[in-house]
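Undergrad: What follows is model31.cif, made up of mmCIF, C-alpha atoms:
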```cif
data_query
#
loop_
_atom_site.label_atom_id
_atom_site.label_comp_id
_atom_site.auth_asym_id
_atom_site.auth_seq_id
_atom_site.Cartn_x
_atom_site.Cartn_y
_atom_site.Cartn_z
CA LEU P 349 -36.21 46.44 20.17
CA ASN P 350 -39.58 46.00 21.86
CA ASN P 351 -37.93 43.62 24.34
CA ALA P 352 -35.04 45.97 25.17
CA HIS P 353 -34.70 46.79 28.86
CA ALA P 354 -32.30 48.32 31.34
CA GLY P 355 -30.18 46.32 33.76
CA ALA P 356 -27.70 43.50 33.49
CA ILE P 357 -27.02 42.11 30.02
CA ALA P 358 -26.91 38.37 29.41
CA GLU P 359 -23.41 37.24 28.45
CA GLY P 360 -21.56 33.99 27.89
CA ASN P 361 -23.55 31.03 26.59
CA VAL P 362 -26.35 33.10 25.07
CA GLY P 363 -27.57 33.85 21.57
CA GLY P 364 -25.01 33.38 18.83
CA GLY P 365 -22.36 32.85 21.49
CA THR P 366 -23.86 29.56 22.65
CA GLY P 367 -21.55 27.30 20.67
CA MET P 368 -18.39 29.39 20.69
CA ILE P 369 -14.87 28.57 21.93
CA CYS P 370 -12.33 31.28 22.83
CA HIS P 371 -8.64 30.55 23.50
CA ASP P 372 -9.64 26.88 23.95
CA PHE P 373 -12.06 27.78 26.76
CA LYS P 374 -15.82 28.21 26.45
CA GLY P 375 -16.39 31.51 24.66
CA GLY P 376 -19.54 33.37 23.79
CA THR P 377 -21.17 36.77 23.89
CA GLY P 378 -19.61 39.64 25.82
CA THR P 379 -20.22 43.35 26.27
CA ALA P 380 -18.47 46.39 27.69
CA SER P 381 -18.82 50.16 27.47
CA ARG P 382 -17.08 53.41 28.24
CA ILE P 383 -18.16 56.99 28.95
CA VAL P 384 -15.78 59.09 26.89
CA SER P 385 -14.87 62.70 27.62
CA THR P 386 -13.73 64.82 24.70
CA GLU P 387 -13.09 68.53 24.30
CA ALA P 388 -16.51 68.82 22.63
CA SER P 389 -18.73 66.79 24.96
CA GLU P 390 -19.17 63.49 26.76
CA PHE P 391 -20.18 60.43 24.76
CA THR P 392 -20.89 56.74 25.33
CA LEU P 393 -19.32 53.87 23.42
CA GLY P 394 -20.62 50.31 23.73
CA VAL P 395 -19.17 47.06 22.42
CA LEU P 396 -20.76 43.68 21.73
CA VAL P 397 -18.54 40.73 20.83
CA GLN P 398 -19.11 37.12 19.89
CA ALA P 399 -15.81 35.48 20.72
CA ASN P 400 -14.98 32.29 18.85
CA HIS P 401 -11.26 32.81 18.32
CA GLY P 402 -7.78 32.42 19.82
CA MET P 403 -5.64 29.53 21.04
CA ARG P 404 -4.47 28.56 24.53
CA ASP P 405 -0.79 28.82 23.54
CA THR P 406 -0.97 32.58 22.93
CA PHE P 407 -3.57 33.53 25.57
CA GLN P 408 -2.58 36.35 27.89
CA ILE P 409 -4.27 38.70 30.36
CA CYS P 410 -2.71 41.93 31.66
CA GLY P 411 0.43 40.98 29.76
CA ILE P 412 0.76 37.67 31.62
CA PRO P 413 1.38 34.72 29.24
CA LEU P 414 -1.03 32.01 30.36
CA LYS P 415 0.29 29.12 28.29
CA ASP P 416 2.17 27.65 31.25
CA GLU P 417 -0.32 28.80 33.89
CA PHE P 418 -3.15 27.05 32.07
CA GLY P 419 -0.94 24.47 30.39
CA PRO P 420 -1.24 20.67 30.52
CA GLU P 421 0.78 20.52 33.76
CA THR P 422 -1.59 22.75 35.71
CA MET P 423 -4.90 22.21 33.96
CA PRO P 424 -5.22 19.72 31.11
CA VAL P 425 -7.39 20.71 28.19
CA ILE P 426 -10.38 18.44 28.70
CA ASN P 427 -12.32 19.68 25.70
CA THR P 428 -13.48 16.72 23.69
CA PHE P 429 -13.98 19.10 20.79
CA ALA P 430 -10.92 21.13 19.82
CA PRO P 431 -11.15 23.63 16.94
CA LYS P 432 -8.45 23.45 14.30
CA PRO P 433 -5.96 26.35 14.38
CA GLY P 434 -6.96 29.13 11.99
CA THR P 435 -10.66 28.26 11.93
CA GLY P 436 -11.95 30.69 14.56
CA SER P 437 -13.84 33.95 14.21
CA ILE P 438 -14.88 37.04 16.13
CA ILE P 439 -17.68 39.52 15.52
CA VAL P 440 -17.44 42.97 17.10
CA ILE P 441 -20.16 45.63 17.01
CA LEU P 442 -19.36 49.18 18.17
CA ALA P 443 -22.16 51.63 18.98
CA THR P 444 -21.73 55.25 20.00
CA ASP P 445 -23.75 58.43 20.33
CA ALA P 446 -20.74 60.48 19.22
CA PRO P 447 -21.47 62.21 15.89
CA LEU P 448 -19.05 60.28 13.72
CA LEU P 449 -19.19 60.13 9.94
CA PRO P 450 -18.59 56.93 7.93
CA TRP P 451 -14.81 57.34 7.52
CA GLN P 452 -14.48 58.05 11.25
CA LEU P 453 -16.47 54.94 12.12
CA SER P 454 -14.22 52.98 9.77
CA LYS P 455 -11.18 54.28 11.64
CA LEU P 456 -12.84 53.24 14.89
CA THR P 457 -13.12 49.64 13.68
CA LYS P 458 -9.42 49.65 12.78
CA ARG P 459 -8.68 49.91 16.52
CA VAL P 460 -10.68 46.76 17.32
CA PRO P 461 -7.80 44.32 16.57
CA ILE P 462 -5.63 46.12 19.12
CA GLY P 463 -8.07 45.18 21.90
CA ILE P 464 -8.30 41.61 20.63
CA GLY P 465 -4.52 41.37 20.40
CA LEU P 466 -4.06 42.45 24.03
CA LEU P 467 -5.39 39.01 24.97
CA GLY P 468 -2.99 37.20 22.68
CA ALA P 469 -5.05 36.61 19.54
CA TYR P 470 -3.30 37.46 16.29
CA GLY P 471 -5.86 36.89 13.54
CA ASP P 472 -5.27 33.52 11.89
CA ASN P 473 -5.22 33.34 8.11
CA GLY P 474 -8.60 31.61 8.04
CA SER P 475 -10.20 33.57 10.87
CA GLY P 476 -13.53 35.18 10.05
CA ASP P 477 -13.27 38.64 11.61
CA ILE P 478 -16.21 41.03 11.23
CA PHE P 479 -16.12 44.52 12.75
CA LEU P 480 -19.00 47.01 12.41
CA ALA P 481 -19.43 50.46 13.94
CA PHE P 482 -22.42 52.80 13.91
CA SER P 483 -23.45 56.12 15.42
CA THR P 484 -26.89 56.99 16.77
CA ALA P 485 -26.27 60.72 16.28
CA ASN P 486 -27.69 62.80 13.42
CA GLU P 487 -31.12 61.19 13.48
CA ASN P 488 -32.41 63.50 10.74
CA ALA P 489 -29.47 63.05 8.38
CA TYR P 490 -31.59 61.21 5.82
CA SER P 491 -34.54 63.59 5.69
CA LEU P 492 -35.65 64.86 2.29
CA GLY P 493 -34.02 68.01 1.00
CA ILE P 494 -30.94 69.65 2.45
CA SER P 495 -29.79 68.22 5.78
CA LYS P 496 -27.34 69.53 8.33
CA ILE P 497 -25.29 67.09 10.38
CA ASP P 498 -22.98 67.28 13.35
CA MET P 499 -19.46 65.91 13.13
CA LEU P 500 -16.80 65.38 15.77
CA SER P 501 -13.47 66.83 14.72
CA ASP P 502 -10.78 64.30 13.87
CA GLU P 503 -8.43 66.29 16.07
CA ILE P 504 -10.28 65.28 19.26
CA ILE P 505 -11.33 61.74 18.38
CA ASP P 506 -8.45 59.92 20.12
CA PRO P 507 -10.36 59.28 23.39
CA LEU P 508 -12.84 57.21 21.38
CA TYR P 509 -9.98 55.13 19.98
CA ILE P 510 -8.72 54.46 23.50
CA ALA P 511 -12.24 53.54 24.65
CA THR P 512 -12.59 51.13 21.72
CA VAL P 513 -9.40 49.25 22.57
CA GLU P 514 -10.27 49.03 26.27
CA ALA P 515 -13.90 48.02 25.76
CA VAL P 516 -13.09 45.35 23.15
CA GLU P 517 -10.54 43.74 25.46
CA GLU P 518 -13.00 43.84 28.37
CA ALA P 519 -15.88 42.48 26.30
CA VAL P 520 -13.86 39.42 25.26
CA LEU P 521 -12.87 38.86 28.90
CA ASN P 522 -16.50 39.21 29.96
CA ALA P 523 -17.51 36.62 27.37
CA LEU P 524 -14.91 34.21 28.79
CA CYS P 525 -15.78 34.88 32.43
CA ALA P 526 -19.55 34.68 31.91
CA ALA P 527 -19.42 31.49 29.85
CA GLU P 528 -20.04 28.17 31.57
CA THR P 529 -18.73 24.69 30.83
CA MET P 530 -20.97 23.24 28.16
CA GLU P 531 -21.71 19.84 26.70
CA GLY P 532 -23.03 19.98 23.17
CA ARG P 533 -23.98 17.62 20.39
CA ASP P 534 -22.35 14.19 20.43
CA HIS P 535 -21.28 14.83 24.05
CA ASN P 536 -18.65 17.36 22.97
CA LEU P 537 -17.45 19.13 26.13
CA VAL P 538 -15.84 22.58 26.35
CA GLN P 539 -14.54 23.77 29.70
CA ALA P 540 -15.11 27.29 31.06
CA LEU P 541 -12.22 29.53 32.10
CA PRO P 542 -11.54 28.64 35.79
CA GLN P 543 -12.05 32.00 37.45
CA ASP P 544 -10.65 31.06 40.86
CA GLN P 545 -7.42 29.97 39.20
CA LEU P 546 -7.36 33.13 37.08
CA LEU P 547 -7.72 35.34 40.18
CA ALA P 548 -4.87 33.47 41.85
CA ILE P 549 -2.65 34.06 38.81
CA LEU P 550 -3.46 37.78 38.72
CA LYS P 551 -2.62 38.06 42.43
CA LYS P 552 0.59 36.10 41.91
CA TYR P 553 1.79 38.65 39.35
CA GLY P 554 0.61 41.65 41.39
CA LYS P 555 -2.14 42.70 38.98
CA ILE P 556 -4.81 42.69 41.69
CA LYS P 557 -4.71 42.68 45.49
#
```
Please go through the file and, once you have read it, give me the structure as structure tokens.

TA:
Amino acid sequence: LNNAHAGAIAEGNVGGGTGMICHDFKGGTGTASRIVSTEASEFTLGVLVQANHGMRDTFQICGIPLKDEFGPETMPVINTFAPKPGTGSIIVILATDAPLLPWQLSKLTKRVPIGIGLLGAYGDNGSGDIFLAFSTANENAYSLGISKIDMLSDEIIDPLYIATVEAVEEAVLNALCAAETMEGRDHNLVQALPQDQLLAILKKYGKIK
């Protein structure tokens, strides 16, 4: 915490994300956040992911199946290290200043797989998926004696669910886009997602101008 600072956050081949592979491209650490308006107030929700999951065959962005776009005909998989199907993992941490209680935070984490699934991952049988959510509100909740806490009504929590899905999807994409081609131990090579080619695909399908 003493080293925390404002500004751009390091993503991609950093920290625990250094050795990760995502959808058969170089994966890693990614972040995203949303400012969320509710009927009670405005809150912030942040997401940190370490993306080490997914296969090329099911990869999609904006609903575009990328199996053929990034298939052997257009861009051979040149990774000399290929993870076995079902052996991936993803860690997702959600942080918010919204006053959510434990069962509400648990419900927030249940929306995480929706964001992951938007990119074509489906949670292999052997995948190690860890999702954790916490709130920075109610700082004095654990004081001695009788404590009073704030709580956001369940009836107006939906905007936080939407923000979770959007931010998780974006954080995984940021991990992929920030990661760089990397050669590891024993000369194992993992290729980064080719961003120029990705932009061309998104333009081809009318997702961006």

Undergrad: Hey, what's within 9 Å of Ile549 of chain P if we count all atoms listed in the file and toss same-chain stuff fewer than 6 positions away? As number ranges by chain, please?

TA: P: 412, 414, 417, 555

Undergrad: Mind giving me the straight-line distance from atom CA of Ile505 of chain P to atom CA of Cys410 of chain P in Å, one decimal?

TA: 25.4 Å

Undergrad: Hey, which of P:Phe407, P:Gly378, P:His371, P:Gln452 ends up closest to Gly394 of chain P? Count all atoms listed in the file.

TA: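 Among the listed residues, the smallest separation from Gly394 of chain P belongs to P:Gly378.
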
Undergrad: I'd like the residues picked by the PyMOL selection byres ((chain P and resi 498) around 9) written out as a PDB file with C-alpha atoms, in the frame of the given file, using the chain letters and numbers from the file.

TA:
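See result.pdb below for the written result:
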```
ATOM      1  CA  PRO P 447     -21.470  62.210  15.890  1.00  0.00           C
ATOM      2  CA  LEU P 448     -19.050  60.280  13.720  1.00  0.00           C
ATOM      3  CA  LEU P 449     -19.190  60.130   9.940  1.00  0.00           C
ATOM      4  CA  ALA P 485     -26.270  60.720  16.280  1.00  0.00           C
ATOM      5  CA  ASN P 486     -27.690  62.800  13.420  1.00  0.00           C
ATOM      6  CA  LYS P 496     -27.340  69.530   8.330  1.00  0.00           C
ATOM      7  CA  ILE P 497     -25.290  67.090  10.380  1.00  0.00           C
ATOM      8  CA  MET P 499     -19.460  65.910  13.130  1.00  0.00           C
ATOM      9  CA  LEU P 500     -16.800  65.380  15.770  1.00  0.00           C
TER      10      LEU P 500
END
```

Undergrad: Name the residues captured by the PyMOL selection byres ((chain P and resi 507-515) around 7) when it is applied to the shown file; answer as a PDB file with C-alpha atoms, in the frame of the given file.

TA:
```pdb
ATOM      1  CA  ALA P 380     -18.470  46.390  27.690  1.00  0.00           C
ATOM      2  CA  SER P 381     -18.820  50.160  27.470  1.00  0.00           C
ATOM      3  CA  ARG P 382     -17.080  53.410  28.240  1.00  0.00           C
ATOM      4  CA  VAL P 384     -15.780  59.090  26.890  1.00  0.00           C
ATOM      5  CA  THR P 386     -13.730  64.820  24.700  1.00  0.00           C
ATOM      6  CA  VAL P 395     -19.170  47.060  22.420  1.00  0.00           C
ATOM      7  CA  LEU P 456     -12.840  53.240  14.890  1.00  0.00           C
ATOM      8  CA  ARG P 459      -8.680  49.910  16.520  1.00  0.00           C
ATOM      9  CA  VAL P 460     -10.680  46.760  17.320  1.00  0.00           C
ATOM     10  CA  ILE P 462      -5.630  46.120  19.120  1.00  0.00           C
ATOM     11  CA  GLY P 463      -8.070  45.180  21.900  1.00  0.00           C
ATOM     12  CA  ILE P 505     -11.330  61.740  18.380  1.00  0.00           C
ATOM     13  CA  ASP P 506      -8.450  59.920  20.120  1.00  0.00           C
ATOM     14  CA  VAL P 516     -13.090  45.350  23.150  1.00  0.00           C
ATOM     15  CA  GLU P 517     -10.540  43.740  25.460  1.00  0.00           C
ATOM     16  CA  GLU P 518     -13.000  43.840  28.370  1.00  0.00           C
ATOM     17  CA  ALA P 519     -15.880  42.480  26.300  1.00  0.00           C
TER      18      ALA P 519
END
```

Undergrad: Looking at P:Ala356, P:Met403, P:Ile464, P:Leu453, which one is nearest to Lys415 of chain P, with distances taken over all atoms listed in the file?

TA: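 Between P:Ala356, P:Met403, P:Ile464, P:Leu453, the residue approaching Lys415 of chain P most closely is P:Met403.
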
Undergrad: In terms of the shortest atom-to-atom distance over only C-alpha atoms, which of P:Ser495, P:Gln398, P:Ser437, P:Thr457 is closest to Gly474 of chain P?

TA: P:Ser437

Undergrad: Considering all atoms listed in the file, return as a list in words whatever protein or nucleic-acid residues lie within 8 Å of segment 387-389 of chain P, sequence-local ones (same chain, fewer than 2 positions apart) excluded.

TA: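 Counting all atoms listed in the file, the residues come to Ser385, Phe391, Leu500 and Ile504 of chain P.
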
Undergrad: If you keep C-alpha atoms, can you produce a file of those selected residues as an mmCIF file, keeping the file's coordinate frame?

TA:
```cif
data_model
loop_
_atom_site.group_PDB
_atom_site.id
_atom_site.type_symbol
_atom_site.label_atom_id
_atom_site.label_comp_id
_atom_site.auth_asym_id
_atom_site.auth_seq_id
_atom_site.Cartn_x
_atom_site.Cartn_y
_atom_site.Cartn_z
ATOM 1 C CA SER P 385 -14.870 62.700 27.620
ATOM 2 C CA PHE P 391 -20.180 60.430 24.760
ATOM 3 C CA LEU P 500 -16.800 65.380 15.770
ATOM 4 C CA ILE P 504 -10.280 65.280 19.260
#
```

Undergrad: Rounded to one decimal place, report the atom CA of Gln545 of chain P-atom CA of Asp477 of chain P distance in Å.

TA: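 If I compute the distance from atom CA of Gln545 of chain P to atom CA of Asp477 of chain P, I get 29.5 Å.
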
Undergrad: Residues within 10 Å of Gly411 of chain P, please, as a list in words. Count all atoms listed in the file; anything in the same chain fewer than 5 positions from it doesn't count.

TA: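 Those residues are Leu466, Leu467, Gly468, Tyr553 and Lys555 of chain P.
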
Undergrad: What is the atom CA of Leu524 of chain P-atom CA of Phe482 of chain P distance in Å, reported with one decimal?

TA: 25.0 Å

Undergrad: Could you tell me which of P:Glu503, P:Ala469, P:Asn522, P:Glu531 comes closest to Gln408 of chain P if we count only C-alpha atoms?

TA: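 Using only C-alpha atoms, the shortest distance to Gln408 of chain P belongs to P:Ala469.
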
Undergrad: Would you pick out the contacts of Leu396 of chain P at 6 Å or less, using only C-alpha atoms, so that residues sharing its chain but fewer than 5 positions from it are not included, and give the list as a PyMOL selection string?

TA: chain P and resi 378-379+440-441

Undergrad: Evaluate the PyMOL selection byres ((chain P and resi 473) around 12) on the structure here and hand back the selected residues as JSON, numbers by chain.

TA: {"P": [401, 433, 434, 435, 436, 437, 469, 470, 471, 472, 474, 475, 476, 477]}

Undergrad: Between P:Thr406, P:Asn351, P:Ser483, P:Thr529, which residue has the minimum interatomic distance to Leu393 of chain P, considering all atoms listed in the file?

TA: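 Comparing P:Thr406, P:Asn351, P:Ser483, P:Thr529 against Leu393 of chain P, the winner is P:Ser483.
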
Undergrad: Point out the residue among P:Ala481, P:Val397, P:Ser454, P:Pro461 with the least atom-to-atom distance to Leu442 of chain P, counting all atoms listed in the file.

TA: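 Among P:Ala481, P:Val397, P:Ser454, P:Pro461, it is P:Ala481 that comes nearest to Leu442 of chain P.
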
Undergrad: As a PyMOL selection string, please: the residues near Thr366 of chain P (cut-off 10 Å, all atoms listed in the file, same-chain neighbours under 4 positions excluded).

TA: chain P and resi 359-362+374-377+398+527-528+530+532
